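*Asks:* My questions will all concern the structure given below.
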Amino acid sequence: MINRILNLADNNLILCQRNGEWCGHGPILEQDIAITNITLDLLGQARLWYQYASTLMNVDNNSYSEDSLAYRRNEREFLNILMVELPKGNWGFTILRQYFFSQFQFLLYSRLKNSGDTTVAAIAEKSLKEISYHIKWSSEWVLRLGDGTDESHQKMQDALDDLWPYTGEMFIAANFENEDECNELKIEWLQKVSPLLEEATLNIPENTFMQTGGKSGIHTEHLGYLLAEMQYLQRAYPDAEW
Amino acid sequence: MNFTFRKFYYGDIPDDVSGDNNTGAEKNDKTAWPLWEVFIRSKQGLDHKHAGSLHAADARMAIENARDVYTRRQEGISIWVVESKNLHASDPAEAESLYEPAEDKIYRHPTFYELPDEVKHM
């Protein structure tokens, strides 16, 4: 159960940190604001999950907090999927990843909304409103760029080729997930994603080997660098506060 | 060297320089996105008020951008956008002839009537 919550939290936090790299570097001012808005939504969701995880983990003592979970865990303790830790790439890559992730989040949270755990249900329900907008925003960009100029189409196709091997992990059940549910999610996700990619004139790669490991703490080499930057302050000055 | 400055008031920009489609640097740049004016209606407000302007490729993107740029702090519940080039403004240089003649026509204000007590909420 705790790993389930940490997985949800870590997915959000790590993608948040990655997207945050666009702050001040977006292709134009308005989209810079849009991606950072989305990023702040992700952070807000991550905080709720971490807060809940820390209350679950503080059975014997009060040694965990949302901050300690974000800033004091090592690479191998993070349970996020590999897709969210990949470098931000170009705008097309960031957009496509956001779309894949948001679409996945939407389907997953739609189920969590009916969870018997009222805290999980409440967090999922609150997040879904934000996620709906993330899907709308990112899917329109996938269309625009995929079915855009020759150059934008090629960049999106490259992004799709690079990202696709990391999409399978979302639906390969970890020990905190239910295999049937993962399979159902996969079918639902493909039903949403395939028509959009087709409309965007993008081709899904075939016979792809799917990368895994993130959900059990085995990460790409990129996560360590990301954490080094994100955790630097709390590592160098433990318990520093504003 | 001679420089000419023309002063414009916000929202009072003559046609020849309004809208990114028409301005100098971006005039010939076909990749530049046009400028849009954004109007927001607040929760209590009855009408849409001009909030500012932004760049977008089309109306749909303009509305999304406006949502992200101008309603982040719960400013509104409805958005209008219009491409800036479609707005036409009066010329500030003509302000005297346009607006000053109204100054001495106070009888146009409905302040010369005695309201009966029965009429409330006026």
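Scheme for the structure tokens: letters A, B, ... for chains in order shown; per-chain residue numbers from 1; ligand numbers from 1 in order shown.
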Arg73 in chain A: which residues within 10 Å, counting only C-alpha atoms, same-chain residues fewer than 5 positions away excluded, as a PyMOL selection string?
*Replies:* chain A and resi 67-68+78+227+231
*Asks:* Could you give me, as JSON lines, a per-residue list for chain B showing, wherever an atom lies at most 12 Å from an atom of chain A, the closest pair of atoms and their distance in Å to one decimal, using only C-alpha atoms and sorting by chain then residue number from low to high?
*Replies:*
```
{"residue": "B:Thr31", "atom": "CA", "partner": "A:Thr149", "partner_atom": "CA", "distance": 11.2}
{"residue": "B:Ala32", "atom": "CA", "partner": "A:Ile28", "partner_atom": "CA", "distance": 10.5}
{"residue": "B:Trp33", "atom": "CA", "partner": "A:Ile28", "partner_atom": "CA", "distance": 9.9}
{"residue": "B:Leu35", "atom": "CA", "partner": "A:Glu30", "partner_atom": "CA", "distance": 11.6}
{"residue": "B:Trp36", "atom": "CA", "partner": "A:Glu30", "partner_atom": "CA", "distance": 11.8}
{"residue": "B:Ser53", "atom": "CA", "partner": "A:Glu30", "partner_atom": "CA", "distance": 10.4}
{"residue": "B:Leu54", "atom": "CA", "partner": "A:Glu30", "partner_atom": "CA", "distance": 7.2}
{"residue": "B:His55", "atom": "CA", "partner": "A:Glu30", "partner_atom": "CA", "distance": 7.2}
{"residue": "B:Ala56", "atom": "CA", "partner": "A:Glu30", "partner_atom": "CA", "distance": 8.1}
{"residue": "B:Ala57", "atom": "CA", "partner": "A:Arg144", "partner_atom": "CA", "distance": 9.9}
{"residue": "B:Asp58", "atom": "CA", "partner": "A:Arg144", "partner_atom": "CA", "distance": 10.9}
{"residue": "B:Arg60", "atom": "CA", "partner": "A:Glu140", "partner_atom": "CA", "distance": 9.4}
{"residue": "B:Met61", "atom": "CA", "partner": "A:Glu140", "partner_atom": "CA", "distance": 8.7}
{"residue": "B:Ala62", "atom": "CA", "partner": "A:Glu30", "partner_atom": "CA", "distance": 9.2}
{"residue": "B:Ile63", "atom": "CA", "partner": "A:Trp137", "partner_atom": "CA", "distance": 10.9}
{"residue": "B:Glu64", "atom": "CA", "partner": "A:Trp137", "partner_atom": "CA", "distance": 7.5}
{"residue": "B:Asn65", "atom": "CA", "partner": "A:Glu30", "partner_atom": "CA", "distance": 5.8}
{"residue": "B:Ala66", "atom": "CA", "partner": "A:Glu30", "partner_atom": "CA", "distance": 8.2}
{"residue": "B:Arg67", "atom": "CA", "partner": "A:Ala34", "partner_atom": "CA", "distance": 8.8}
{"residue": "B:Asp68", "atom": "CA", "partner": "A:Ala34", "partner_atom": "CA", "distance": 5.6}
{"residue": "B:Val69", "atom": "CA", "partner": "A:Ile33", "partner_atom": "CA", "distance": 6.7}
{"residue": "B:Tyr70", "atom": "CA", "partner": "A:Glu30", "partner_atom": "CA", "distance": 10.3}
{"residue": "B:Thr71", "atom": "CA", "partner": "A:Asn37", "partner_atom": "CA", "distance": 11.2}
{"residue": "B:Arg72", "atom": "CA", "partner": "A:Asn37", "partner_atom": "CA", "distance": 8.3}
{"residue": "B:Arg73", "atom": "CA", "partner": "A:Asn37", "partner_atom": "CA", "distance": 11.5}
```
*Asks:* Write out the residues from the selection above, keeping C-alpha atoms, as a PDB file, in the first residue's frame.
*Replies:*
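Below you can see again-v9.pdb, which holds the result:
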```pdb
ATOM      1  CA  THR B  31       6.100  31.863 -38.587  1.00  0.00           C
ATOM      2  CA  ALA B  32       5.148  34.467 -35.973  1.00  0.00           C
ATOM      3  CA  TRP B  33       1.865  33.865 -34.185  1.00  0.00           C
ATOM      4  CA  LEU B  35      -1.621  38.734 -31.318  1.00  0.00           C
ATOM      5  CA  TRP B  36      -4.957  38.239 -29.549  1.00  0.00           C
ATOM      6  CA  SER B  53      -3.114  40.321 -24.926  1.00  0.00           C
ATOM      7  CA  LEU B  54      -1.112  37.273 -25.920  1.00  0.00           C
ATOM      8  CA  HIS B  55       0.225  35.312 -28.858  1.00  0.00           C
ATOM      9  CA  ALA B  56      -1.399  32.161 -30.227  1.00  0.00           C
ATOM     10  CA  ALA B  57      -1.625  30.258 -33.487  1.00  0.00           C
ATOM     11  CA  ASP B  58      -5.426  30.108 -33.527  1.00  0.00           C
ATOM     12  CA  ARG B  60      -8.482  27.619 -29.562  1.00  0.00           C
ATOM     13  CA  MET B  61      -4.874  28.038 -28.523  1.00  0.00           C
ATOM     14  CA  ALA B  62      -5.580  31.663 -27.653  1.00  0.00           C
ATOM     15  CA  ILE B  63      -8.311  30.597 -25.229  1.00  0.00           C
ATOM     16  CA  GLU B  64      -6.056  27.985 -23.665  1.00  0.00           C
ATOM     17  CA  ASN B  65      -3.214  30.450 -23.350  1.00  0.00           C
ATOM     18  CA  ALA B  66      -5.606  32.987 -21.843  1.00  0.00           C
ATOM     19  CA  ARG B  67      -6.722  30.392 -19.325  1.00  0.00           C
ATOM     20  CA  ASP B  68      -3.123  29.827 -18.305  1.00  0.00           C
ATOM     21  CA  VAL B  69      -2.007  33.432 -18.368  1.00  0.00           C
ATOM     22  CA  TYR B  70      -5.046  35.366 -17.131  1.00  0.00           C
ATOM     23  CA  THR B  71      -7.131  33.052 -14.939  1.00  0.00           C
ATOM     24  CA  ARG B  72      -4.423  31.517 -12.764  1.00  0.00           C
ATOM     25  CA  ARG B  73      -5.622  33.414  -9.710  1.00  0.00           C
TER      26      ARG B  73
END
```
*Asks:* So how many Å separate CA of Ile131 in chain A and CA of Ala174 in chain A, to one decimal?
*Replies:*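 Separation of CA of Ile131 in chain A and CA of Ala174 in chain A: 23.3 Å.
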*Asks:* From the set A:Leu160, A:Asp60, A:Asp147, A:Gln154, which residue has the shortest atom-to-atom contact distance to Ile95 in chain A, counting only C-alpha atoms?
*Replies:* A:Leu160
*Asks:* Using only C-alpha atoms, can you tell me which of A:Tyr50, A:Thr55, A:Ala121, A:Gln103 comes closest to Ile135 in chain A?
*Replies:*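 Result for the nearest residue to Ile135 in chain A: A:Gln103.
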*Asks:* List the spatial neighbours of Arg47 in chain A as an MDAnalysis selection string - criterion: any atom at most 9 Å away, only C-alpha atoms, same-chain residues fewer than 4 positions off excluded.
*Replies:* chainID A and resid 9 13 42:43 51:52 66:67
*Asks:* For N, CA and C atoms, I'd like the residues from the last selection saved as a PDB file, in the first residue's frame.
*Replies:*
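result-v1.pdb was written with the following content:
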```pdb
ATOM      1  N   ALA A   9       3.198   9.283  -6.012  1.00  0.00           N
ATOM      2  CA  ALA A   9       3.854  10.538  -5.639  1.00  0.00           C
ATOM      3  C   ALA A   9       5.130  10.753  -6.454  1.00  0.00           C
ATOM      4  N   LEU A  13       6.312  13.826  -8.816  1.00  0.00           N
ATOM      5  CA  LEU A  13       7.415  14.696  -8.411  1.00  0.00           C
ATOM      6  C   LEU A  13       8.517  14.722  -9.472  1.00  0.00           C
ATOM      7  N   LEU A  42       1.157  19.086 -10.947  1.00  0.00           N
ATOM      8  CA  LEU A  42       1.800  17.805 -10.622  1.00  0.00           C
ATOM      9  C   LEU A  42       2.420  17.848  -9.228  1.00  0.00           C
ATOM     10  N   LEU A  43       3.042  18.969  -8.915  1.00  0.00           N
ATOM     11  CA  LEU A  43       3.664  19.106  -7.596  1.00  0.00           C
ATOM     12  C   LEU A  43       2.612  19.070  -6.494  1.00  0.00           C
ATOM     13  N   GLN A  51       2.149  13.465   1.650  1.00  0.00           N
ATOM     14  CA  GLN A  51       1.600  13.706   2.987  1.00  0.00           C
ATOM     15  C   GLN A  51       0.868  12.463   3.485  1.00  0.00           C
ATOM     16  N   TYR A  52       0.120  11.863   2.577  1.00  0.00           N
ATOM     17  CA  TYR A  52      -0.619  10.663   2.970  1.00  0.00           C
ATOM     18  C   TYR A  52       0.351   9.516   3.259  1.00  0.00           C
ATOM     19  N   GLU A  66       6.530  14.846   4.224  1.00  0.00           N
ATOM     20  CA  GLU A  66       6.540  14.970   2.768  1.00  0.00           C
ATOM     21  C   GLU A  66       7.917  15.411   2.275  1.00  0.00           C
ATOM     22  N   ASP A  67       8.564  16.269   3.067  1.00  0.00           N
ATOM     23  CA  ASP A  67       9.883  16.741   2.656  1.00  0.00           C
ATOM     24  C   ASP A  67      10.931  15.633   2.732  1.00  0.00           C
TER      25      ASP A  67
END
```
*Asks:* Excluding Ser216 in chain A and any residue of its chain fewer than 3 positions from it, enumerate the residues within 9 Å of it, using only C-alpha atoms, and give them as a tab-separated table (two decimals) with N, CA and C atoms, in the first residue's frame.
*Replies:*
```tsv
chain	number	residue	atom	x	y	z
A	76	ARG	N	17.48	4.45	-5.45
A	76	ARG	CA	16.86	3.13	-5.46
A	76	ARG	C	15.56	3.06	-4.67
A	77	GLU	N	15.31	4.07	-3.88
A	77	GLU	CA	14.06	4.09	-3.10
A	77	GLU	C	12.92	4.78	-3.86
A	78	PHE	N	13.24	5.40	-4.98
A	78	PHE	CA	12.18	6.04	-5.78
A	78	PHE	C	11.50	4.99	-6.65
A	79	LEU	N	10.17	5.06	-6.71
A	79	LEU	CA	9.40	4.02	-7.40
A	79	LEU	C	8.68	4.54	-8.65
A	80	ASN	N	9.14	5.67	-9.16
A	80	ASN	CA	8.51	6.22	-10.36
A	80	ASN	C	8.84	5.39	-11.60
A	81	ILE	N	7.95	5.47	-12.58
A	81	ILE	CA	8.22	4.81	-13.86
A	81	ILE	C	9.38	5.53	-14.57
A	174	ALA	N	3.52	-4.05	-10.95
A	174	ALA	CA	4.52	-4.17	-9.89
A	174	ALA	C	3.87	-4.91	-8.73
A	175	ASN	N	4.66	-5.17	-7.68
A	175	ASN	CA	4.09	-5.97	-6.57
A	175	ASN	C	2.98	-5.24	-5.83
A	212	THR	N	11.67	-1.70	-18.28
A	212	THR	CA	11.01	-1.74	-16.97
A	212	THR	C	12.04	-1.53	-15.87
A	213	GLY	N	11.58	-1.47	-14.65
A	213	GLY	CA	12.49	-1.41	-13.51
A	213	GLY	C	12.16	-0.29	-12.54
A	219	HIS	N	16.58	2.24	-11.88
A	219	HIS	CA	16.33	3.41	-12.72
A	219	HIS	C	17.35	3.58	-13.84
```
*Asks:* Which polymer residues have any atom within 10 Å of an atom of Leu226 in chain A, counting only C-alpha atoms, with same-chain residues fewer than 3 positions away left out, as a list of chain:residue names?
*Replies:*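 Here the answer would be A:Ile14, A:Gln17, A:Arg18, A:Glu75, A:Glu85, A:Leu86, A:Pro87, A:Glu221, A:His222, A:Leu223, A:Glu229, A:Met230, A:Gln231, A:Tyr232.
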*Asks:* Please return, as a VMD selection string, all residues of range 12-112 of chain B that DSSP assigns to helix (DSSP H, G or I) on the basis of the backbone.
*Replies:* chain B and resid 15 to 17 59 to 70 84 to 86 92 to 102 106 to 108
*Asks:* Could you dump the residues just selected with N, CA and C atoms as a short mmCIF file (atom, residue, chain, number, x, y, z; two decimals), in the first residue's frame?
*Replies:*
```cif
data_model
loop_
_atom_site.label_atom_id
_atom_site.label_comp_id
_atom_site.auth_asym_id
_atom_site.auth_seq_id
_atom_site.Cartn_x
_atom_site.Cartn_y
_atom_site.Cartn_z
N ASP B 15 -4.80 51.47 -36.33
CA ASP B 15 -4.76 50.26 -37.14
C ASP B 15 -3.39 49.95 -37.74
N ASP B 16 -2.69 51.01 -38.17
CA ASP B 16 -1.47 50.75 -38.92
C ASP B 16 -0.36 50.13 -38.08
N VAL B 17 -0.49 50.21 -36.77
CA VAL B 17 0.54 49.56 -35.95
C VAL B 17 -0.04 48.51 -35.01
N ALA B 59 -7.59 30.47 -32.54
CA ALA B 59 -8.49 30.89 -31.46
C ALA B 59 -8.48 29.90 -30.30
N ARG B 60 -8.45 28.62 -30.62
CA ARG B 60 -8.48 27.62 -29.56
C ARG B 60 -7.25 27.74 -28.66
N MET B 61 -6.09 27.90 -29.31
CA MET B 61 -4.87 28.04 -28.52
C MET B 61 -4.89 29.35 -27.74
N ALA B 62 -5.51 30.37 -28.35
CA ALA B 62 -5.58 31.66 -27.65
C ALA B 62 -6.39 31.53 -26.37
N ILE B 63 -7.49 30.78 -26.43
CA ILE B 63 -8.31 30.60 -25.23
C ILE B 63 -7.55 29.80 -24.17
N GLU B 64 -6.84 28.76 -24.63
CA GLU B 64 -6.06 27.98 -23.67
C GLU B 64 -4.95 28.83 -23.04
N ASN B 65 -4.27 29.59 -23.88
CA ASN B 65 -3.21 30.45 -23.35
C ASN B 65 -3.80 31.46 -22.37
N ALA B 66 -4.97 32.00 -22.72
CA ALA B 66 -5.61 32.99 -21.84
C ALA B 66 -5.96 32.35 -20.51
N ARG B 67 -6.40 31.10 -20.57
CA ARG B 67 -6.72 30.39 -19.32
C ARG B 67 -5.48 30.30 -18.44
N ASP B 68 -4.34 30.00 -19.09
CA ASP B 68 -3.12 29.83 -18.31
C ASP B 68 -2.51 31.15 -17.86
N VAL B 69 -2.67 32.17 -18.68
CA VAL B 69 -2.01 33.43 -18.37
C VAL B 69 -2.88 34.33 -17.49
N TYR B 70 -4.20 34.35 -17.77
CA TYR B 70 -5.05 35.37 -17.13
C TYR B 70 -6.05 34.83 -16.13
N SER B 84 -6.14 40.68 -32.52
CA SER B 84 -5.96 42.13 -32.33
C SER B 84 -6.19 42.92 -33.62
N LYS B 85 -5.86 42.31 -34.75
CA LYS B 85 -6.00 43.06 -36.00
C LYS B 85 -7.46 43.36 -36.32
N ASN B 86 -8.36 42.62 -35.66
CA ASN B 86 -9.78 42.85 -35.91
C ASN B 86 -10.38 43.91 -35.00
N PRO B 92 -6.04 58.68 -30.94
CA PRO B 92 -5.86 59.59 -29.80
C PRO B 92 -5.69 61.04 -30.24
N ALA B 93 -5.19 61.25 -31.44
CA ALA B 93 -4.98 62.62 -31.91
C ALA B 93 -6.31 63.34 -32.12
N GLU B 94 -7.37 62.58 -32.30
CA GLU B 94 -8.68 63.19 -32.51
C GLU B 94 -9.48 63.34 -31.23
N ALA B 95 -8.82 63.09 -30.10
CA ALA B 95 -9.53 63.06 -28.82
C ALA B 95 -10.31 64.36 -28.59
N GLU B 96 -9.70 65.49 -28.94
CA GLU B 96 -10.35 66.77 -28.67
C GLU B 96 -11.69 66.88 -29.38
N SER B 97 -11.65 66.56 -30.68
CA SER B 97 -12.90 66.73 -31.44
C SER B 97 -13.91 65.65 -31.10
N LEU B 98 -13.43 64.51 -30.66
CA LEU B 98 -14.36 63.41 -30.38
C LEU B 98 -15.04 63.56 -29.03
N TYR B 99 -14.26 63.89 -28.01
CA TYR B 99 -14.81 63.77 -26.65
C TYR B 99 -15.09 65.08 -25.94
N GLU B 100 -14.32 66.10 -26.28
CA GLU B 100 -14.51 67.34 -25.53
C GLU B 100 -15.85 68.02 -25.76
N PRO B 101 -16.44 67.91 -26.95
CA PRO B 101 -17.75 68.55 -27.15
C PRO B 101 -18.81 68.08 -26.16
N ALA B 102 -18.62 66.93 -25.53
CA ALA B 102 -19.63 66.44 -24.58
C ALA B 102 -19.51 67.09 -23.21
N ILE B 106 -24.15 68.95 -19.86
CA ILE B 106 -24.50 68.24 -18.62
C ILE B 106 -25.94 67.77 -18.62
N TYR B 107 -26.78 68.39 -19.49
CA TYR B 107 -28.20 67.99 -19.50
C TYR B 107 -28.37 66.58 -20.02
N ARG B 108 -27.29 65.99 -20.53
CA ARG B 108 -27.40 64.60 -20.99
C ARG B 108 -27.34 63.60 -19.83
#
```
*Asks:* Just the strand (DSSP E or B) stuff from range 57-93 of chain B, please, per backbone DSSP, written as an MDAnalysis selection string.
*Replies:* chainID B and resid 78:83
*Asks:* Selected residues, C-alpha atoms, written as a PDB file, in the first residue's frame, please.
*Replies:*
```pdb
ATOM      1  CA  SER B  78     -15.542  33.037 -19.045  1.00  0.00           C
ATOM      2  CA  ILE B  79     -13.031  34.004 -21.710  1.00  0.00           C
ATOM      3  CA  TRP B  80     -13.381  35.826 -24.998  1.00  0.00           C
ATOM      4  CA  VAL B  81     -10.521  36.260 -27.439  1.00  0.00           C
ATOM      5  CA  VAL B  82     -10.354  38.301 -30.603  1.00  0.00           C
ATOM      6  CA  GLU B  83      -7.457  38.713 -32.937  1.00  0.00           C
TER       7      GLU B  83
END
```
*Asks:* List the neighbours of Ser42 in chain B out to 7 Å using only C-alpha atoms; skip same-chain residues closer than 6 positions along the sequence, and give me the result as JSON, numbers by chain.
*Replies:* {"B": [75, 76, 77]}
*Asks:* Those selected residues, please, written with N, CA and C atoms and delivered as a PDB file, in the first residue's frame.
*Replies:*
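Final output, saved to out21.pdb:
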```
ATOM      1  N   GLU B  75      -9.361  34.601 -11.630  1.00  0.00           N
ATOM      2  CA  GLU B  75      -9.900  35.882 -12.078  1.00  0.00           C
ATOM      3  C   GLU B  75     -11.207  35.749 -12.846  1.00  0.00           C
ATOM      4  N   GLY B  76     -11.458  34.584 -13.419  1.00  0.00           N
ATOM      5  CA  GLY B  76     -12.611  34.575 -14.305  1.00  0.00           C
ATOM      6  C   GLY B  76     -13.298  33.242 -14.471  1.00  0.00           C
ATOM      7  N   ILE B  77     -14.499  33.318 -15.081  1.00  0.00           N
ATOM      8  CA  ILE B  77     -15.248  32.103 -15.378  1.00  0.00           C
ATOM      9  C   ILE B  77     -15.655  32.054 -16.846  1.00  0.00           C
TER      10      ILE B  77
END
```
*Asks:* In Å to one decimal, how far is CA of Leu82 in chain A from CA of Ser115 in chain A?
*Replies:*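 Between these atoms lies a distance of 25.6 Å.
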*Asks:* To one decimal in Å, tell me the separation between CA of Leu202 in chain A and CA of His153 in chain A.
*Replies:*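 It comes out at 7.7 Å.
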*Asks:* Please identify all polymer residues within 9 Å of His134 in chain A, counting only C-alpha atoms, omitting same-chain residues fewer than 4 positions from it, and present them as an mmCIF file with N, CA and C atoms, in the first residue's frame.
*Replies:*
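Output (result_36.cif):
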```cif
data_model
loop_
_atom_site.group_PDB
_atom_site.id
_atom_site.type_symbol
_atom_site.label_atom_id
_atom_site.label_comp_id
_atom_site.auth_asym_id
_atom_site.auth_seq_id
_atom_site.Cartn_x
_atom_site.Cartn_y
_atom_site.Cartn_z
ATOM 1 N N ILE A 38 1.054 23.355 -15.436
ATOM 2 C CA ILE A 38 0.825 21.916 -15.350
ATOM 3 C C ILE A 38 1.789 21.308 -14.335
ATOM 4 N N GLN A 98 4.066 14.166 -21.731
ATOM 5 C CA GLN A 98 2.998 14.695 -20.876
ATOM 6 C C GLN A 98 1.664 14.082 -21.272
ATOM 7 N N TYR A 99 1.434 13.977 -22.571
ATOM 8 C CA TYR A 99 0.169 13.400 -23.027
ATOM 9 C C TYR A 99 0.054 11.932 -22.597
ATOM 10 N N SER A 102 -0.437 11.923 -18.754
ATOM 11 C CA SER A 102 -1.728 12.453 -18.310
ATOM 12 C C SER A 102 -2.863 11.505 -18.663
ATOM 13 N N GLN A 103 -2.775 10.923 -19.843
ATOM 14 C CA GLN A 103 -3.812 9.989 -20.262
ATOM 15 C C GLN A 103 -3.823 8.762 -19.347
ATOM 16 N N GLU A 130 -7.680 18.593 -12.792
ATOM 17 C CA GLU A 130 -6.448 19.145 -13.352
ATOM 18 C C GLU A 130 -5.978 18.290 -14.531
ATOM 19 N N SER A 138 -2.158 18.927 -23.844
ATOM 20 C CA SER A 138 -1.061 18.186 -24.478
ATOM 21 C C SER A 138 -1.528 17.487 -25.756
ATOM 22 N N SER A 139 -2.780 17.002 -25.778
ATOM 23 C CA SER A 139 -3.230 16.296 -26.981
ATOM 24 C C SER A 139 -3.327 17.263 -28.159
#
```
